[in-house]
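What follows is a short report on a single structure.
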Amino acid sequence: MAGYGDHRTAEIDASPQECFDALTDFERLPEWQGAVRDVRVLERDEAGRGSIVEYEVDARLTTVRYRLRQIYEEPHRLGSEYLGGDFRDFRGEWRFQRTDDGGTHAELDLRIDPGRLVPAPIRSAIADAVMRRALRDLKRHVESHR
């Protein structure tokens, strides 16, 4: 089955570095990312950043688990490479561009291949949990800590 994906953007009243730092503080993600139930850093790179990270996400109708290799271009890009879990493939990328007013134009791209036929309500719930809520929660979190 072909995958599906989405692209979302938001204007955030915080710097790209603040956005990047929030997303790479993996152990604290469940505190403010509403859909994230658990995060485990399985390996770290030479800078101490999480290089292989395992996520458990509540997609409302089901819980999904997956492992990603994190790809850093600090503070402008956080990419991922799928290593395994409940999908055939899962790719995501956050991008942060400083705006003229000192804020951030944030973009999130996501591609999921579940490897099987997934009913539309579950597909929509996964997209909502991983895309819409993730971007909204990031905005709320970093803006509340300024």
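Note on naming: chains are A, B, ... as they come in the structure tokens, residues start from 1 per chain, ligands start from 1 in the order shown.
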
Give me every alpha helix (DSSP H) residue in chain A, going by DSSP on the backbone, as an MDAnalysis selection string. chainID A and resid 16:24 29:32 120:127 133:144

From a backbone DSSP assignment, name each residue in range 44-141 of chain A labelled strand (DSSP E or B), as JSON, numbers by chain. {"A": [44, 50, 51, 52, 53, 54, 55, 56, 57, 58, 63, 64, 65, 66, 67, 68, 69, 70, 71, 72, 73, 77, 78, 79, 80, 81, 82, 83, 84, 85, 89, 90, 91, 92, 93, 94, 95, 96, 97, 98, 104, 105, 106, 107, 108, 109, 110, 111, 112, 113]}

Could you write out that same residue set with C-alpha atoms as a PDB file, in the first residue's frame?
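Output (part.pdb):
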```pdb
ATOM      1  CA  ARG A  44      23.373   8.985  22.184  1.00  0.00           C
ATOM      2  CA  GLY A  50      19.665  11.252  21.433  1.00  0.00           C
ATOM      3  CA  SER A  51      20.681   9.481  18.234  1.00  0.00           C
ATOM      4  CA  ILE A  52      18.260   6.536  18.381  1.00  0.00           C
ATOM      5  CA  VAL A  53      14.949   7.292  20.045  1.00  0.00           C
ATOM      6  CA  GLU A  54      11.907   5.102  20.644  1.00  0.00           C
ATOM      7  CA  TYR A  55       8.453   6.686  20.780  1.00  0.00           C
ATOM      8  CA  GLU A  56       5.048   5.506  21.980  1.00  0.00           C
ATOM      9  CA  VAL A  57       2.231   7.679  20.643  1.00  0.00           C
ATOM     10  CA  ASP A  58      -1.468   7.616  21.486  1.00  0.00           C
ATOM     11  CA  THR A  63      -1.148   3.174  20.278  1.00  0.00           C
ATOM     12  CA  VAL A  64       1.764   3.174  17.858  1.00  0.00           C
ATOM     13  CA  ARG A  65       5.425   2.536  18.614  1.00  0.00           C
ATOM     14  CA  TYR A  66       8.446   3.293  16.466  1.00  0.00           C
ATOM     15  CA  ARG A  67      12.207   3.889  16.616  1.00  0.00           C
ATOM     16  CA  LEU A  68      13.954   6.708  14.769  1.00  0.00           C
ATOM     17  CA  ARG A  69      17.531   7.722  14.114  1.00  0.00           C
ATOM     18  CA  GLN A  70      17.708  11.470  14.660  1.00  0.00           C
ATOM     19  CA  ILE A  71      19.478  13.611  12.048  1.00  0.00           C
ATOM     20  CA  TYR A  72      20.640  16.970  13.376  1.00  0.00           C
ATOM     21  CA  GLU A  73      21.280  20.254  11.588  1.00  0.00           C
ATOM     22  CA  ARG A  77      16.464  20.987  10.963  1.00  0.00           C
ATOM     23  CA  LEU A  78      15.655  17.812  12.857  1.00  0.00           C
ATOM     24  CA  GLY A  79      15.149  14.860  10.558  1.00  0.00           C
ATOM     25  CA  SER A  80      14.566  11.195  11.195  1.00  0.00           C
ATOM     26  CA  GLU A  81      15.313   7.827   9.665  1.00  0.00           C
ATOM     27  CA  TYR A  82      12.901   4.991  10.448  1.00  0.00           C
ATOM     28  CA  LEU A  83      14.481   2.009  12.202  1.00  0.00           C
ATOM     29  CA  GLY A  84      11.440  -0.083  13.054  1.00  0.00           C
ATOM     30  CA  GLY A  85       8.102  -0.273  14.776  1.00  0.00           C
ATOM     31  CA  ASP A  89       8.141   3.293   6.903  1.00  0.00           C
ATOM     32  CA  PHE A  90       7.926   6.545   8.832  1.00  0.00           C
ATOM     33  CA  ARG A  91       9.787   9.733   7.949  1.00  0.00           C
ATOM     34  CA  GLY A  92       9.509  13.097   9.553  1.00  0.00           C
ATOM     35  CA  GLU A  93      11.340  16.372   9.343  1.00  0.00           C
ATOM     36  CA  TRP A  94      11.065  19.563  11.356  1.00  0.00           C
ATOM     37  CA  ARG A  95      12.484  22.775   9.841  1.00  0.00           C
ATOM     38  CA  PHE A  96      12.889  26.117  11.589  1.00  0.00           C
ATOM     39  CA  GLN A  97      13.496  29.446   9.850  1.00  0.00           C
ATOM     40  CA  ARG A  98      13.991  32.688  11.784  1.00  0.00           C
ATOM     41  CA  THR A 104      10.222  31.102  13.882  1.00  0.00           C
ATOM     42  CA  HIS A 105       8.470  29.771  10.827  1.00  0.00           C
ATOM     43  CA  ALA A 106       8.174  26.060  11.696  1.00  0.00           C
ATOM     44  CA  GLU A 107       7.455  23.327   9.172  1.00  0.00           C
ATOM     45  CA  LEU A 108       6.707  19.669   9.792  1.00  0.00           C
ATOM     46  CA  ASP A 109       6.702  17.088   6.996  1.00  0.00           C
ATOM     47  CA  LEU A 110       5.589  13.537   7.651  1.00  0.00           C
ATOM     48  CA  ARG A 111       5.323  10.426   5.487  1.00  0.00           C
ATOM     49  CA  ILE A 112       3.890   7.188   6.853  1.00  0.00           C
ATOM     50  CA  ASP A 113       3.607   3.825   5.148  1.00  0.00           C
TER      51      ASP A 113
END
```

Any idea what's packed within 8 Å of Arg146 in chain A, counting only C-alpha atoms, ignoring anything in its chain fewer than 3 positions away? Could you give it as a ChimeraX atom specification? /A:14,142-143

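Note that the spacing between CA of Gly103 in chain A and CA of Ile12 in chain A amounts to 5.8 Å.
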
Pairwise distance for CA of Asp21 in chain A and CA of Arg88 in chain A, rounded to one decimal in Å: 28.6 Å

Glu27 in chain A environment, 8 Å, only C-alpha atoms, sequence neighbours closer than 3 positions dropped, as JSON, numbers by chain: {"A": [30, 39, 40, 41]}

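Restricting the calculation to only C-alpha atoms, the smallest distance between Thr62 in chain A and any of A:Trp32, A:Pro75, A:Arg37, A:Leu42 is found for A:Arg37.
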
Of the candidates A:Leu61, A:Ala10, A:Leu23, A:Met131, which shows the shortest atom-to-atom distance to Arg49 in chain A, using only C-alpha atoms? A:Leu23

Neighbouring residues of Ser144 in chain A were defined as those with any atom within 10 Å, considering only C-alpha atoms; residues of the same chain fewer than 5 positions away were excluded. Please report them as a JSON list (two decimals) with C-alpha atoms, in the first residue's frame.
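Below is the file around_5.json, written as the result:
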```json
[["chain", "number", "residue", "atom", "x", "y", "z"],
["A", 13, "ASP", "CA", 6.93, 33.36, 18.94],
["A", 14, "ALA", "CA", 10.28, 31.80, 19.90],
["A", 138, "LEU", "CA", 5.33, 22.74, 20.28],
["A", 139, "LYS", "CA", 3.99, 26.25, 19.72]]
```

Atom pair CA of Asp25 in chain A / CA of Gly102 in chain A: separation (Å): 22.2 Å
